$ cat coords-v3.txt   # compact mmCIF, C-alpha atoms
# COMPACT_ATOMS: atom_id res chain seq x y z
CA MET A 5 -1.48 2.30 -106.37
CA GLU A 6 2.23 1.51 -105.93
CA ASP A 7 3.02 -2.09 -106.97
CA PHE A 8 6.47 -3.61 -106.37
CA GLY A 9 5.55 -6.88 -108.12
CA SER A 10 5.87 -9.29 -105.20
CA ALA A 11 6.18 -9.41 -101.43
CA ASN A 12 9.91 -10.06 -101.69
CA ALA A 13 10.38 -7.14 -104.06
CA ALA A 14 8.46 -4.95 -101.58
CA ARG A 15 10.74 -6.17 -98.77
CA ARG A 16 13.84 -5.27 -100.82
CA ARG A 17 12.45 -1.84 -101.68
CA GLY A 18 11.75 -1.27 -98.00
CA ALA A 19 15.34 -2.20 -97.15
CA LEU A 20 16.69 0.18 -99.83
CA THR A 21 14.46 3.00 -98.57
CA ALA A 22 15.86 2.50 -95.06
CA LEU A 23 19.44 2.75 -96.35
CA GLY A 24 18.76 6.26 -97.70
CA MET A 25 17.98 9.34 -95.65
CA PRO A 26 16.27 7.45 -92.75
CA GLY A 27 19.34 5.26 -92.14
CA LEU A 28 21.66 8.26 -92.41
CA VAL A 29 19.70 10.36 -89.93
CA LEU A 30 18.93 7.60 -87.45
CA GLY A 31 22.48 6.26 -87.84
CA ALA A 32 23.85 9.68 -86.86
CA SER A 33 21.42 9.85 -83.94
CA TYR A 34 22.54 6.45 -82.67
CA LEU A 35 26.19 7.49 -83.04
CA GLY A 36 25.23 10.17 -80.52
CA PHE A 37 23.55 7.53 -78.34
CA GLY A 38 26.63 5.29 -78.43
CA ALA A 39 28.77 8.25 -77.37
CA LEU A 40 26.30 9.05 -74.57
CA ILE A 41 26.58 5.46 -73.31
CA ARG A 42 30.35 5.80 -72.99
CA GLU A 43 30.19 9.26 -71.42
CA SER A 44 27.79 7.82 -68.83
CA HIS A 45 30.37 5.13 -67.93
CA LEU A 46 28.21 2.27 -69.20
CA GLY A 47 29.52 -0.65 -71.25
CA ILE A 48 29.18 -1.18 -74.99
CA GLU A 49 27.06 -4.27 -74.26
CA ASP A 50 24.59 -2.09 -72.32
CA GLY A 51 24.22 0.25 -75.28
CA LEU A 52 23.77 -2.64 -77.70
CA ALA A 53 21.22 -4.37 -75.46
CA SER A 54 19.27 -1.13 -75.21
CA SER A 55 19.24 -0.59 -78.98
CA ILE A 56 18.31 -4.22 -79.66
CA ALA A 57 15.63 -4.72 -77.00
CA GLY A 58 14.31 -1.23 -76.30
CA TRP A 59 14.41 0.31 -79.76
CA ALA A 60 12.95 3.82 -79.25
CA LEU A 61 15.54 6.55 -78.84
CA PRO A 62 13.78 9.00 -76.47
CA GLY A 63 13.13 6.19 -73.98
CA GLN A 64 16.69 4.90 -74.35
CA ILE A 65 18.11 8.36 -73.56
CA VAL A 66 15.81 8.76 -70.56
CA LEU A 67 16.98 5.38 -69.25
CA VAL A 68 20.65 6.40 -69.48
CA GLU A 69 19.87 9.67 -67.69
CA VAL A 70 18.07 7.89 -64.84
CA ILE A 71 20.92 5.39 -64.45
CA ALA A 72 23.54 8.17 -64.55
CA ALA A 73 21.61 10.06 -61.87
CA GLY A 74 21.53 6.93 -59.69
CA GLY A 75 17.75 6.54 -59.86
CA SER A 76 15.92 3.45 -58.63
CA LEU A 77 14.69 0.60 -60.81
CA LEU A 78 11.10 1.73 -60.23
CA SER A 79 11.77 5.34 -61.26
CA ALA A 80 13.59 4.12 -64.38
CA GLY A 81 10.65 1.91 -65.35
CA LEU A 82 8.15 4.69 -64.78
CA ALA A 83 10.19 7.27 -66.70
CA VAL A 84 10.55 4.95 -69.71
CA LEU A 85 6.89 3.97 -69.52
CA LEU A 86 5.74 7.61 -69.62
CA THR A 87 8.22 8.58 -72.35
CA ASN A 88 7.13 5.74 -74.63
CA ALA A 89 3.34 5.91 -74.20
CA ARG A 90 3.11 7.36 -77.72
CA LEU A 91 3.97 3.89 -79.09
CA LEU A 92 0.47 2.60 -78.27
CA PRO A 93 -1.51 5.03 -80.48
CA MET A 94 1.24 4.83 -83.12
CA VAL A 95 1.04 1.04 -83.38
CA ALA A 96 -2.76 1.01 -83.08
CA SER A 97 -3.15 3.46 -85.98
CA LEU A 98 -0.42 2.08 -88.26
CA MET A 99 -1.16 -1.64 -87.87
CA PRO A 100 -4.60 -1.57 -89.57
CA ILE A 101 -2.97 0.09 -92.61
CA LEU A 102 -0.17 -2.50 -92.78
CA ARG A 103 -2.68 -5.35 -92.32
CA ALA A 104 -5.21 -4.07 -94.85
CA ALA A 105 -4.89 -7.23 -96.96
CA GLU A 106 -5.98 -9.59 -94.17
CA SER A 107 -8.56 -9.90 -91.44
CA GLY A 108 -8.77 -11.78 -88.16
CA LYS A 109 -6.80 -11.50 -84.96
CA PRO A 110 -3.21 -10.21 -84.98
CA ARG A 111 -0.66 -13.04 -85.23
CA LEU A 112 2.92 -13.53 -84.00
CA ARG A 113 4.25 -11.80 -87.12
CA HIS A 114 2.39 -8.63 -86.15
CA TYR A 115 3.54 -8.76 -82.52
CA LEU A 116 7.12 -9.13 -83.74
CA ILE A 117 7.08 -6.27 -86.23
CA ALA A 118 5.45 -4.02 -83.60
CA HIS A 119 8.80 -4.06 -81.78
CA LEU A 120 10.20 -2.18 -84.78
CA ILE A 121 7.52 0.52 -84.97
CA ALA A 122 9.08 3.85 -83.96
CA ILE A 123 8.88 7.45 -85.18
CA THR A 124 10.83 7.10 -88.46
CA GLY A 125 9.03 4.01 -89.73
CA PHE A 126 5.68 5.30 -88.51
CA ALA A 127 6.03 8.65 -90.29
CA ILE A 128 7.16 7.09 -93.57
CA ALA A 129 4.66 4.21 -93.54
CA MET A 130 1.73 6.52 -92.71
CA GLN A 131 2.66 8.61 -95.76
CA ARG A 132 3.53 5.85 -98.24
CA ALA A 133 1.80 2.59 -97.23
CA PRO A 134 -1.81 3.66 -97.97
CA ARG A 135 -0.78 4.08 -101.63
CA MET A 136 0.81 0.58 -101.84
CA GLN A 137 -0.79 -2.73 -102.81
CA PRO A 138 -2.33 -3.94 -99.50
CA ALA A 139 -0.50 -7.31 -99.56
CA GLN A 140 2.88 -5.58 -100.03
CA ARG A 141 2.61 -3.08 -97.16
CA LEU A 142 3.71 -5.37 -94.33
CA PRO A 143 6.64 -6.86 -96.35
CA PHE A 144 7.77 -3.32 -97.28
CA TYR A 145 7.66 -2.30 -93.63
CA GLU A 146 9.52 -5.45 -92.52
CA GLY A 147 12.34 -4.80 -94.99
CA PHE A 148 12.47 -1.16 -93.99
CA ALA A 149 12.37 -1.59 -90.23
CA VAL A 150 14.73 -4.56 -89.91
CA THR A 151 17.35 -2.74 -92.03
CA LEU A 152 16.96 0.45 -90.02
CA TRP A 153 17.19 -1.52 -86.75
CA LEU A 154 20.43 -3.26 -87.81
CA THR A 155 21.86 0.10 -88.94
CA THR A 156 21.19 1.68 -85.55
CA ILE A 157 22.69 -1.29 -83.68
CA CYS A 158 25.93 -0.90 -85.69
CA ALA A 159 25.82 2.89 -85.17
CA THR A 160 25.48 2.42 -81.39
CA ALA A 161 28.72 0.39 -81.35
CA LEU A 162 30.49 2.86 -83.67
CA GLY A 163 29.37 5.84 -81.58
CA PHE A 164 30.74 4.15 -78.46
CA VAL A 165 34.11 3.62 -80.15
CA LEU A 166 34.21 7.16 -81.59
CA ALA A 167 33.15 8.90 -78.34
CA GLY A 168 35.63 11.63 -77.53
CA VAL A 169 37.19 11.53 -81.01
CA MET A 170 34.61 13.79 -82.68
CA PRO A 171 34.75 17.54 -81.83
CA ARG A 172 32.05 18.58 -79.36
CA PRO A 173 30.10 20.85 -81.78
CA VAL A 174 29.87 18.00 -84.31
CA THR A 175 28.55 15.56 -81.70
CA LEU A 176 25.94 18.11 -80.63
CA GLY A 177 25.03 18.71 -84.28
CA PHE A 178 24.45 14.97 -84.73
CA VAL A 179 22.25 14.82 -81.66
CA PHE A 180 20.20 17.79 -82.93
CA LEU A 181 19.87 16.25 -86.40
CA ASN A 182 17.21 13.88 -85.11
CA PRO A 183 14.53 16.41 -84.01
CA LEU A 184 15.28 18.55 -87.10
CA TYR A 185 14.64 15.57 -89.38
CA PHE A 186 11.37 14.65 -87.70
CA MET A 187 10.22 18.27 -87.79
CA LEU A 188 10.67 18.32 -91.58
CA VAL A 189 9.12 14.86 -92.06
CA PHE A 190 6.00 16.00 -90.25
CA VAL A 191 5.76 19.27 -92.22
CA ALA A 192 4.79 17.00 -95.13
CA ASP A 193 1.82 15.76 -93.08
CA LEU A 194 0.35 19.24 -92.72
CA ARG A 195 -1.81 18.74 -95.81
CA HIS A 196 -3.87 16.12 -93.93
CA ARG A 197 -6.44 18.11 -91.96
CA LEU A 198 -6.60 15.81 -88.91
CA ARG A 199 -2.83 15.38 -88.70
CA ALA A 200 -2.25 19.11 -89.22
CA TRP A 201 -4.45 20.02 -86.24
CA ALA A 202 -2.89 17.31 -84.06
CA LEU A 203 0.65 18.34 -85.00
CA THR A 204 0.03 22.08 -84.51
CA ILE A 205 -1.78 21.86 -81.18
CA GLY A 206 0.63 19.16 -79.97
CA ALA A 207 3.70 21.23 -80.87
CA VAL A 208 2.36 24.21 -78.87
CA LEU A 209 1.11 22.21 -75.87
CA GLY A 210 4.10 19.84 -75.66
CA PRO A 211 6.73 22.26 -74.30
CA CYS A 212 4.14 24.11 -72.11
CA LEU A 213 2.90 20.94 -70.40
CA HIS A 214 6.47 19.67 -70.07
CA LEU A 215 7.23 22.76 -67.96
CA LEU A 216 4.23 21.95 -65.76
CA SER A 217 5.17 18.26 -65.39
CA PRO A 218 8.21 16.66 -67.04
CA ASP A 219 6.78 13.20 -66.23
CA TRP A 220 3.16 13.51 -67.34
CA GLY A 221 3.43 16.39 -69.81
CA LEU A 222 3.81 14.27 -72.93
CA LEU A 223 0.93 11.93 -72.11
CA ALA A 224 -1.33 14.90 -71.32
CA THR A 225 -0.27 16.61 -74.55
CA GLY A 226 -1.28 13.55 -76.57
CA LEU A 227 -4.67 13.18 -74.90
CA ILE A 228 -5.61 16.88 -74.87
CA ALA A 229 -4.19 17.95 -78.25
CA GLY A 230 -5.19 14.67 -79.92
CA THR A 231 -8.78 14.87 -78.68
CA ALA A 232 -9.03 18.56 -79.62
CA ALA A 233 -7.74 17.81 -83.13
CA TYR A 234 -10.15 14.90 -83.45
CA LEU A 235 -13.13 17.07 -82.43
CA ILE A 236 -12.17 19.93 -84.78
CA ASP A 237 -11.75 17.46 -87.64
CA ALA A 238 -15.07 15.77 -86.85
CA GLY A 239 -16.81 19.18 -86.84
CA GLN A 240 -15.28 20.12 -90.18
CA ARG A 241 -16.27 16.72 -91.61
CA ARG A 242 -19.90 17.41 -90.66
CA ARG A 243 -19.85 20.88 -92.18
CA HIS A 244 -18.11 19.83 -95.41
CA PRO A 245 -19.18 16.22 -95.94
CA GLY A 246 -17.86 16.22 -99.52
CA TRP A 247 -14.37 17.30 -98.48
CA ARG A 248 -13.00 14.10 -97.02
CA ARG A 249 -9.38 13.79 -96.15
CA MET B 22 27.03 -1.76 -60.80
CA THR B 23 25.26 -4.03 -63.23
CA VAL B 24 22.51 -2.30 -65.16
CA TRP B 25 20.88 -5.38 -66.68
CA PRO B 26 17.75 -5.15 -64.47
CA TYR B 27 17.32 -1.57 -65.72
CA LEU B 28 17.66 -2.62 -69.35
CA LEU B 29 15.15 -5.43 -68.85
CA VAL B 30 12.59 -3.19 -67.13
CA ALA B 31 13.03 -0.52 -69.85
CA ALA B 32 12.57 -3.07 -72.64
CA LEU B 33 9.38 -4.37 -70.99
CA ALA B 34 8.07 -0.84 -70.39
CA THR B 35 8.66 -0.11 -74.08
CA TYR B 36 7.23 -3.29 -75.57
CA LEU B 37 4.16 -3.12 -73.32
CA TRP B 38 2.82 -0.16 -75.34
CA ARG B 39 3.64 -1.79 -78.67
CA GLY B 40 2.02 -5.10 -77.70
CA LEU B 41 -1.09 -3.33 -76.42
CA GLY B 42 -1.19 -1.36 -79.67
CA VAL B 43 -1.28 -4.58 -81.71
CA LEU B 44 -3.92 -6.08 -79.41
CA LEU B 45 -6.12 -2.98 -79.77
CA SER B 46 -5.57 -2.73 -83.53
CA GLY B 47 -7.25 -6.12 -83.90
CA ARG B 48 -10.42 -4.66 -82.41
CA ILE B 49 -10.53 -1.34 -84.26
CA ASN B 50 -12.26 -0.98 -87.60
CA ALA B 51 -10.19 0.60 -90.33
CA ASP B 52 -11.73 3.99 -91.22
CA SER B 53 -13.56 4.23 -87.89
CA ALA B 54 -13.84 7.25 -85.60
CA LEU B 55 -11.82 5.45 -82.91
CA LEU B 56 -8.94 4.90 -85.35
CA ARG B 57 -8.98 8.61 -86.27
CA TRP B 58 -8.78 9.49 -82.57
CA PHE B 59 -5.81 7.16 -82.07
CA THR B 60 -4.10 8.71 -85.09
CA ALA B 61 -4.69 12.23 -83.74
CA VAL B 62 -3.29 11.28 -80.32
CA ALA B 63 -0.22 9.68 -81.94
CA TYR B 64 0.58 12.76 -84.06
CA ALA B 65 -0.08 15.13 -81.14
CA MET B 66 2.34 13.21 -78.91
CA LEU B 67 4.99 13.09 -81.64
CA ALA B 68 4.69 16.83 -82.31
CA GLY B 69 4.81 17.55 -78.57
CA LEU B 70 7.91 15.39 -78.20
CA ILE B 71 9.74 16.94 -81.16
CA ALA B 72 8.88 20.49 -80.09
CA ARG B 73 10.18 19.70 -76.62
CA LEU B 74 13.41 18.18 -78.00
CA ILE B 75 14.02 21.46 -79.88
CA ILE B 76 12.81 24.02 -77.32
CA LEU B 77 13.50 22.28 -73.98
CA PRO B 78 16.06 19.52 -74.65
CA ALA B 79 17.52 17.38 -71.87
CA GLY B 80 21.07 16.04 -71.83
CA PRO B 81 24.00 17.65 -73.67
CA LEU B 82 21.82 19.92 -75.86
CA ALA B 83 20.47 21.69 -72.76
CA HIS B 84 23.75 23.63 -72.65
CA VAL B 85 23.24 24.98 -76.17
CA ALA B 86 21.51 28.40 -76.15
CA LEU B 87 17.84 28.57 -77.17
CA TRP B 88 18.61 31.11 -79.92
CA GLU B 89 21.18 28.74 -81.43
CA ARG B 90 18.72 25.86 -81.49
CA SER B 91 16.00 28.15 -82.88
CA ALA B 92 18.32 29.48 -85.60
CA ALA B 93 19.15 25.91 -86.64
CA ALA B 94 15.47 24.88 -86.73
CA ILE B 95 14.42 27.98 -88.71
CA MET B 96 17.30 27.50 -91.18
CA ALA B 97 16.33 23.83 -91.66
CA LEU B 98 12.71 24.77 -92.35
CA ALA B 99 13.62 27.65 -94.69
CA VAL B 100 16.06 25.61 -96.78
CA TYR B 101 13.59 22.70 -96.90
CA LEU B 102 10.85 24.95 -98.28
CA LEU B 103 13.19 26.83 -100.66
CA THR B 104 14.57 23.59 -102.16
CA ARG B 105 11.10 22.29 -103.03
CA ARG B 106 10.85 20.21 -99.87
CA ASN B 107 14.22 18.47 -99.99
CA ILE B 108 14.68 16.92 -96.54
CA ILE B 109 18.42 16.22 -97.04
CA PHE B 110 19.21 19.89 -97.77
CA GLY B 111 16.99 21.07 -94.92
CA VAL B 112 18.54 18.77 -92.31
CA ALA B 113 22.09 19.49 -93.55
CA ALA B 114 21.52 23.27 -93.42
CA GLY B 115 20.05 23.11 -89.90
CA THR B 116 22.82 20.90 -88.56
CA ALA B 117 25.53 23.04 -90.18
CA THR B 118 23.96 26.16 -88.66
CA LEU B 119 24.12 24.66 -85.17
CA ILE B 120 27.73 23.50 -85.60
CA LEU B 121 28.78 26.94 -86.91
CA CYS B 122 26.97 28.73 -84.06
CA LEU B 123 28.83 26.55 -81.55
CA GLN B 124 32.18 26.93 -83.31
CA PHE B 125 32.28 30.74 -83.39
$ encode --input "coords-v3.txt" --output "structure tokens"
Amino acid sequence: MEDFGSANAARRRGALTALGMPGLVLGASYLGFGALIRESHLGIEDGLASSIAGWALPGQIVLVEVIAAGGSLLSAGLAVLLTNARLLPMVASLMPILRAAESGKPRLRHYLIAHLIAITGFAIAMQRAPRMQPAQRLPFYEGFAVTLWLTTICATALGFVLAGVMPRPVTLGFVFLNPLYFMLVFVADLRHRLRAWALTIGAVLGPCLHLLSPDWGLLATGLIAGTAAYLIDAGQRRRHPGWRR
Amino acid sequence: MTVWPYLLVAALATYLWRGLGVLLSGRINADSALLRWFTAVAYAMLAGLIARLIILPAGPLAHVALWERSAAAIMALAVYLLTRRNIIFGVAAGTATLILCLQF
């Protein structure tokens, strides 16, 4: 069991963790987002508002694309809603791990930190938090996520300022850094049987269903691949009751 | 054109899922079958999203050839595995591969 000593020490460790590879990768990704904001003829304040209030990069990019294409308010809302549906199962599965030290209904603190649950924090907390002292998990995540959030807000502004200065191949490399990083982060999850099935089936179905329906493909991928992975895992649990993962 | 209504709607559409997630998490038992299903759905959606971002990207990356994106992804994975799972080396190698492919 990982023990940082106190809640404040856990918060500091979380902040330091965010300033490493996660901050570097997400910082580079948000540089790309800031540049995209400028290329789409939006203001720096629009980019900052999006990073502060709508912190989830795929949804933020979809929003900019809808606005640039002159889409309606309704179509923008629907596109963001469908892109970000993954946040519900992510928050619902991570929160019980972060709250392991307490019981009772979720409080304001939990509703606030949920705003800062996105892919990077989710992937790292799902891997590391279960091995931490239960009372230190939420403080660790708070330190981590707030630091990462502030980093991406600064990177959005910097990317806006630097747009057009960086050579095109470098900008594209930065944009592609994000999916590459997540791909490698999730390779580490392949040793969990349930996650391995979900990741494998999801990775195959995702692009296929996206071709069938760009709007609903991702939601369908989650429900179909997730349920299939759950059923396979449940079957294997029954057959090998001693082998619990 | 002011885009503030768009930003507001997008922020609400994003937080809605997170808020519902917290609400639901208060009613799910840790280590229950329902929690395992939620976890599976979350990972499946994330894998589907990442695979799509690599294979069928929207925006500026759509103009980069599929073989260039695939080469970068394979290089990232290979270097990651060869360096005893070092994410920094893997990501750097993949990104450098893409930049070099685009440069020459």
$ residues_around --input "coords-v3.txt" --residues "Gly177 of chain A" --least-positions-apart "6" --cutoff "7 Å" --atoms "only C-alpha atoms" --output "number ranges by chain"
B: 116, 119-120
$ atom_distance --input "coords-v3.txt" --atom1 "atom CA of Gly226 of chain A" --atom2 "atom CA of Ala65 of chain B"
5.0 Å
$ closest_residue --input "coords-v3.txt" --among "B:Leu28, B:Ala97, B:Ala92, B:Leu44" --to "Met187 of chain A" --atoms "only C-alpha atoms"
B:Ala97
$ residues_around --input "coords-v3.txt" --residues "Ile76 of chain B" --least-positions-apart "5" --cutoff "8 Å" --atoms "only C-alpha atoms" --output "PyMOL selection string"
(chain A and resi 211) or (chain B and resi 87+90-91)
$ axis_aligned_box --input "coords-v3.txt" --around "segment 21-32 of chain A" --padding-each-side "3 Å" --output "AutoDock Vina command-line options"
--center_x 19.2 --center_y 6.4 --center_z -92.7 --size_x 15.4 --size_y 13.9 --size_z 17.7
$ closest_residue --input "coords-v3.txt" --among "B:Leu103, B:Met66, B:Leu37, B:Leu121" --to "chain A" --atoms "only C-alpha atoms"
B:Met66
$ closest_atom_pairs --input "coords-v3.txt" --of "chain A" --to "chain B" --cutoff "7 Å" --atoms "all atoms listed in the file" --output "CSV"
residue,atom,partner,partner_atom,distance
A:Ser54,CA,B:Leu28,CA,6.3
A:Ala57,CA,B:Ala32,CA,5.6
A:Gly58,CA,B:Ala32,CA,4.5
A:Leu77,CA,B:Tyr27,CA,6.0
A:Ala80,CA,B:Tyr27,CA,6.9
A:Gly81,CA,B:Ala31,CA,5.6
A:Val84,CA,B:Ala31,CA,6.0
A:Leu85,CA,B:Ala34,CA,5.0
A:Asn88,CA,B:Thr35,CA,6.1
A:Ala89,CA,B:Trp38,CA,6.2
A:Arg90,CA,B:Ala63,CA,5.9
A:Leu91,CA,B:Trp38,CA,5.6
A:Leu92,CA,B:Gly42,CA,4.5
A:Pro93,CA,B:Ala63,CA,5.0
A:Met94,CA,B:Ala63,CA,5.2
A:Val95,CA,B:Gly42,CA,4.9
A:Ala96,CA,B:Gly42,CA,4.4
A:Ser97,CA,B:Thr60,CA,5.4
A:Met99,CA,B:Ser46,CA,6.3
A:Pro100,CA,B:Ala51,CA,6.0
A:Lys109,CA,B:Gly47,CA,5.5
A:Pro110,CA,B:Gly47,CA,5.8
A:Tyr115,CA,B:Gly40,CA,6.2
A:Ala118,CA,B:Arg39,CA,5.7
A:His119,CA,B:Arg39,CA,6.4
A:Pro173,CA,B:Ile120,CA,5.2
A:Val174,CA,B:Ile120,CA,6.0
A:Leu176,CA,B:Leu82,CA,6.6
A:Gly177,CA,B:Thr116,CA,5.3
A:Phe180,CA,B:Thr116,CA,6.9
A:Leu181,CA,B:Thr116,CA,5.9
A:Pro183,CA,B:Ile71,CA,5.6
A:Leu184,CA,B:Val112,CA,6.1
A:Tyr185,CA,B:Val112,CA,5.8
A:Met187,CA,B:Ile71,CA,6.8
A:Leu188,CA,B:Ile108,CA,6.5
A:Leu198,CA,B:Ala61,CA,6.6
A:Arg199,CA,B:Ala61,CA,6.2
A:Ala202,CA,B:Ala65,CA,4.6
A:Leu203,CA,B:Ala65,CA,5.1
A:Ile205,CA,B:Ala65,CA,6.9
A:Gly206,CA,B:Ala65,CA,4.3
A:Ala207,CA,B:Gly69,CA,4.5
A:Leu209,CA,B:Gly69,CA,6.5
A:Gly210,CA,B:Gly69,CA,3.8
A:Pro211,CA,B:Arg73,CA,4.9
A:Leu222,CA,B:Met66,CA,6.2
A:Thr225,CA,B:Met66,CA,6.1
A:Gly226,CA,B:Met66,CA,4.3
A:Leu227,CA,B:Val62,CA,5.9
A:Ala229,CA,B:Ala65,CA,5.8
A:Gly230,CA,B:Val62,CA,3.9
A:Thr231,CA,B:Trp58,CA,6.6
A:Ala233,CA,B:Ala61,CA,6.4
A:Tyr234,CA,B:Trp58,CA,5.6
$ atom_distance --input "coords-v3.txt" --atom1 "atom CA of Gln240 of chain A" --atom2 "atom CA of Ile123 of chain A"
27.7 Å
$ closest_residue --input "coords-v3.txt" --among "A:Ala19, A:Ile41, A:Ile236, A:Ile65" --to "Trp153 of chain A" --atoms "all atoms listed in the file"
A:Ala19
$ atom_distance --input "coords-v3.txt" --atom1 "atom CA of Leu20 of chain A" --atom2 "atom CA of Asp7 of chain A"
15.6 Å
$ residues_around --input "coords-v3.txt" --residues "Ala127 of chain A" --least-positions-apart "2" --cutoff "9 Å" --atoms "only C-alpha atoms" --output "list in words"
Ala122, Ile123, Thr124, Gly125, Ala129, Met130, Gln131, Arg132, Phe186, Val189, Phe190 and Asp193 of chain A
$ decode --input "coords-v3.txt" --residues "segment 41-59 of chain B" --atoms "C-alpha atoms" --output "PDB file, in the first residue's frame"
ATOM      1  CA  LEU B  41     -24.530  11.992 -13.541  1.00  0.00           C
ATOM      2  CA  GLY B  42     -21.448   9.828 -13.037  1.00  0.00           C
ATOM      3  CA  VAL B  43     -21.007  11.144  -9.483  1.00  0.00           C
ATOM      4  CA  LEU B  44     -24.723  10.715  -8.763  1.00  0.00           C
ATOM      5  CA  LEU B  45     -24.634   7.095  -9.978  1.00  0.00           C
ATOM      6  CA  SER B  46     -21.379   6.315  -8.176  1.00  0.00           C
ATOM      7  CA  GLY B  47     -23.152   7.011  -4.879  1.00  0.00           C
ATOM      8  CA  ARG B  48     -25.557   4.172  -5.637  1.00  0.00           C
ATOM      9  CA  ILE B  49     -23.098   1.567  -6.915  1.00  0.00           C
ATOM     10  CA  ASN B  50     -21.394  -0.864  -4.586  1.00  0.00           C
ATOM     11  CA  ALA B  51     -17.630  -1.033  -4.904  1.00  0.00           C
ATOM     12  CA  ASP B  52     -16.677  -4.474  -6.269  1.00  0.00           C
ATOM     13  CA  SER B  53     -20.150  -5.066  -7.709  1.00  0.00           C
ATOM     14  CA  ALA B  54     -21.049  -6.468 -11.127  1.00  0.00           C
ATOM     15  CA  LEU B  55     -22.583  -3.125 -12.140  1.00  0.00           C
ATOM     16  CA  LEU B  56     -19.309  -1.318 -11.381  1.00  0.00           C
ATOM     17  CA  ARG B  57     -17.399  -3.848 -13.509  1.00  0.00           C
ATOM     18  CA  TRP B  58     -19.815  -3.208 -16.379  1.00  0.00           C
ATOM     19  CA  PHE B  59     -19.335   0.564 -16.087  1.00  0.00           C
TER      20      PHE B  59
END
